[in-house]
Structures are given as C-alpha cells and as structure tokens.
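What follows is the content of my_file.txt, which has compact mmCIF, C-alpha atoms:
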```txt
# COMPACT_ATOMS: atom_id res chain seq x y z
CA MET M 1 -18.41 -6.23 -0.57
CA SER M 2 -17.72 -3.29 1.73
CA PHE M 3 -16.67 -5.63 4.53
CA THR M 4 -14.27 -7.46 2.21
CA PHE M 5 -12.78 -4.17 1.02
CA LEU M 6 -12.20 -2.99 4.59
CA LEU M 7 -10.81 -6.35 5.63
CA LEU M 8 -8.32 -6.42 2.75
CA MET M 9 -7.36 -2.82 3.50
CA ALA M 10 -6.69 -3.80 7.11
CA VAL M 11 -4.58 -6.73 5.91
CA GLY M 12 -2.49 -4.41 3.73
CA ALA M 13 -2.01 -1.95 6.58
CA SER M 14 -1.09 -4.68 9.07
CA VAL M 15 1.45 -6.25 6.69
CA ARG M 16 2.97 -2.82 6.16
CA LEU M 17 3.08 -2.24 9.93
CA ALA M 18 4.71 -5.63 10.55
CA ILE M 19 7.37 -5.09 7.86
CA SER M 20 8.09 -1.59 9.18
CA TRP M 21 8.41 -2.87 12.74
CA VAL M 22 10.80 -5.68 11.76
CA LEU M 23 12.97 -3.38 9.64
CA ARG M 24 13.13 -0.77 12.40
CA SER M 25 13.94 -3.23 15.19
CA ARG M 26 16.51 -5.37 13.35
CA CYS M 27 18.16 -3.02 10.87
CA GLY M 28 17.29 0.46 12.12
CA VAL M 29 15.76 1.32 8.74
CA THR M 30 12.54 3.29 8.33
CA LEU M 31 10.22 2.14 5.56
CA SER M 32 8.64 4.92 3.51
CA VAL M 33 7.33 5.19 -0.02
CA PRO M 34 7.54 8.56 -1.81
CA GLN M 35 4.12 10.12 -2.37
CA GLY M 36 4.55 10.13 -6.14
CA LEU M 37 5.28 6.40 -6.22
CA ALA M 38 2.39 5.71 -3.85
CA THR M 39 0.06 7.62 -6.17
CA VAL M 40 1.30 5.66 -9.19
CA LEU M 41 0.77 2.35 -7.37
CA ILE M 42 -2.77 3.31 -6.39
CA VAL M 43 -3.64 4.45 -9.92
CA LEU M 44 -2.17 1.30 -11.49
CA SER M 45 -4.05 -0.97 -9.10
CA ALA M 46 -7.33 0.89 -9.72
CA MET M 47 -7.14 0.50 -13.51
CA PRO M 48 -9.05 -2.30 -15.25
CA ASP M 49 -7.00 -5.38 -16.16
CA TRP M 50 -7.12 -4.80 -19.90
CA LEU M 51 -5.75 -1.26 -19.51
CA LYS M 52 -2.86 -1.98 -17.13
CA ILE M 53 0.64 -1.43 -18.44
CA ILE M 54 2.27 -3.29 -15.54
CA PRO M 55 0.16 -6.04 -13.95
CA ILE M 56 -0.10 -5.74 -10.17
CA PRO M 57 -1.29 -9.02 -8.62
CA LEU M 58 -2.69 -7.33 -5.49
CA PRO M 59 -6.24 -6.00 -5.16
CA PHE M 60 -6.82 -2.26 -4.94
CA SER M 61 -7.76 -2.39 -1.26
CA VAL M 62 -4.52 -4.15 -0.24
CA VAL M 63 -2.41 -1.60 -2.13
CA LEU M 64 -4.45 1.24 -0.64
CA GLY M 65 -3.99 -0.11 2.89
CA ALA M 66 -0.26 -0.56 2.37
CA VAL M 67 0.53 2.90 1.00
CA LEU M 68 -2.12 5.00 2.76
CA PRO M 69 0.13 5.90 5.73
CA ASP M 70 2.56 7.56 3.32
CA PHE M 71 -0.07 10.13 2.40
CA PHE M 72 -0.81 11.13 5.98
CA LEU M 73 2.56 10.76 7.73
CA ARG M 74 5.64 12.67 6.68
CA ARG M 75 8.95 11.20 7.74
CA GLY M 76 12.10 13.12 7.46
```
For this file, write the structure as structure tokens.
Amino acid sequence: MSFTFLLLMAVGASVRLAISWVLRSRCGVTLSVPQGLATVLIVLSAMPDWLKIIPIPLPFSVVLGAVLPDFFLRRG
C-alpha cells in the first residue's frame, strides 16, 4: 500500500509539473494554487466518502502530489 501511495503521489506531481511546463512555455502563465485552497482540497480528499460535501474523484495521494509544491514554494 505504501508503494501505491507513493506512486500515485508521483503521478500527481508529474501531471502538475507537465501542466505547469506547458502553460509556462506556450502562454507565459505560472500555475499556482493559493495555500488556503490547497488545504481545503487536501482536507476534502482525506474525508471519508459518506462525509464529503463535494465529491472529489481523485485519491488523496494524487491530490497531495498535485498541491504539495504550493506549500513549499512561494511564487510572487
């Protein structure tokens, strides 16, 4: 299970990296998610299915891999 979690987290991070690279090279736009929104996405994806207000179809590890750079890197 740990290997699957890390693999899905790497998939989320690599998809985020690819989207950021394409947006920067073609449009000159930098992709960033505000830290508050990133926190809300992580909390919503970590909740059990019966408790979710808004269903997120992605697993917790994919969401974590996709928004984790926003917690460590500040753009501005």
Inset, instruction - Quote the spacing between CA of Leu7 (chain M) and CA of Ile54 (chain M) in Å to one decimal place. - result: 25.1 Å
Legend entry - Best match for closeness to Phe71 (chain M) among M:Ser45, M:Ile56, M:Trp50, M:Ser32, counting all atoms listed in the file: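 Under the stated criterion, the closest residue is M:Ser32.
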Any idea what's packed within 8 Å of Ala66 (chain M), counting all atoms listed in the file, ignoring anything in its chain fewer than 2 positions away? Could you give it as a CSV table (one decimal) with C-alpha atoms, in the coordinates of the input?
```csv
chain,number,residue,atom,x,y,z
M,9,MET,CA,-7.4,-2.8,3.5
M,12,GLY,CA,-2.5,-4.4,3.7
M,13,ALA,CA,-2.0,-2.0,6.6
M,14,SER,CA,-1.1,-4.7,9.1
M,15,VAL,CA,1.4,-6.2,6.7
M,16,ARG,CA,3.0,-2.8,6.2
M,62,VAL,CA,-4.5,-4.2,-0.2
M,63,VAL,CA,-2.4,-1.6,-2.1
M,64,LEU,CA,-4.4,1.2,-0.6
M,68,LEU,CA,-2.1,5.0,2.8
M,69,PRO,CA,0.1,5.9,5.7
```
Inset, instruction - Enter the distance from CA of Ser25 (chain M) to CA of Phe72 (chain M), in Å, rounded to one decimal. - result: 22.6 Å
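The set of protein, DNA and RNA residues with any counted atom at most 10 Å from (-11.4, -3.9, 2.2) (all atoms listed in the file) reads Met1, Ser2, Phe3, Thr4, Phe5, Leu6, Leu7, Leu8, Met9, Ala10, Val11, Gly12, Pro59, Phe60, Ser61, Val62, Leu64 and Gly65 of chain M.
If you measure from each of M:Leu31, M:Leu51, M:Leu44, M:Ala38 to Leu17 (chain M) using only C-alpha atoms, the closest one turns out to be M:Leu31.
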Inset, instruction - Between CA of Val67 (chain M) and CA of Ala18 (chain M), measure the distance and give it in Å to one decimal. - result: 13.5 Å
Legend entry - Selection: 12 Å around Lys52 (chain M), only C-alpha atoms, excl. self and same-chain fewer than 5 positions, as a ChimeraX atom specification: /M:40-47,57
Legend entry - Within 9 Å of Thr30 (chain M) using all atoms listed in the file, minus same-chain residues under 5 positions, as JSON, numbers by chain: {"M": [20, 21, 23, 24, 75]}
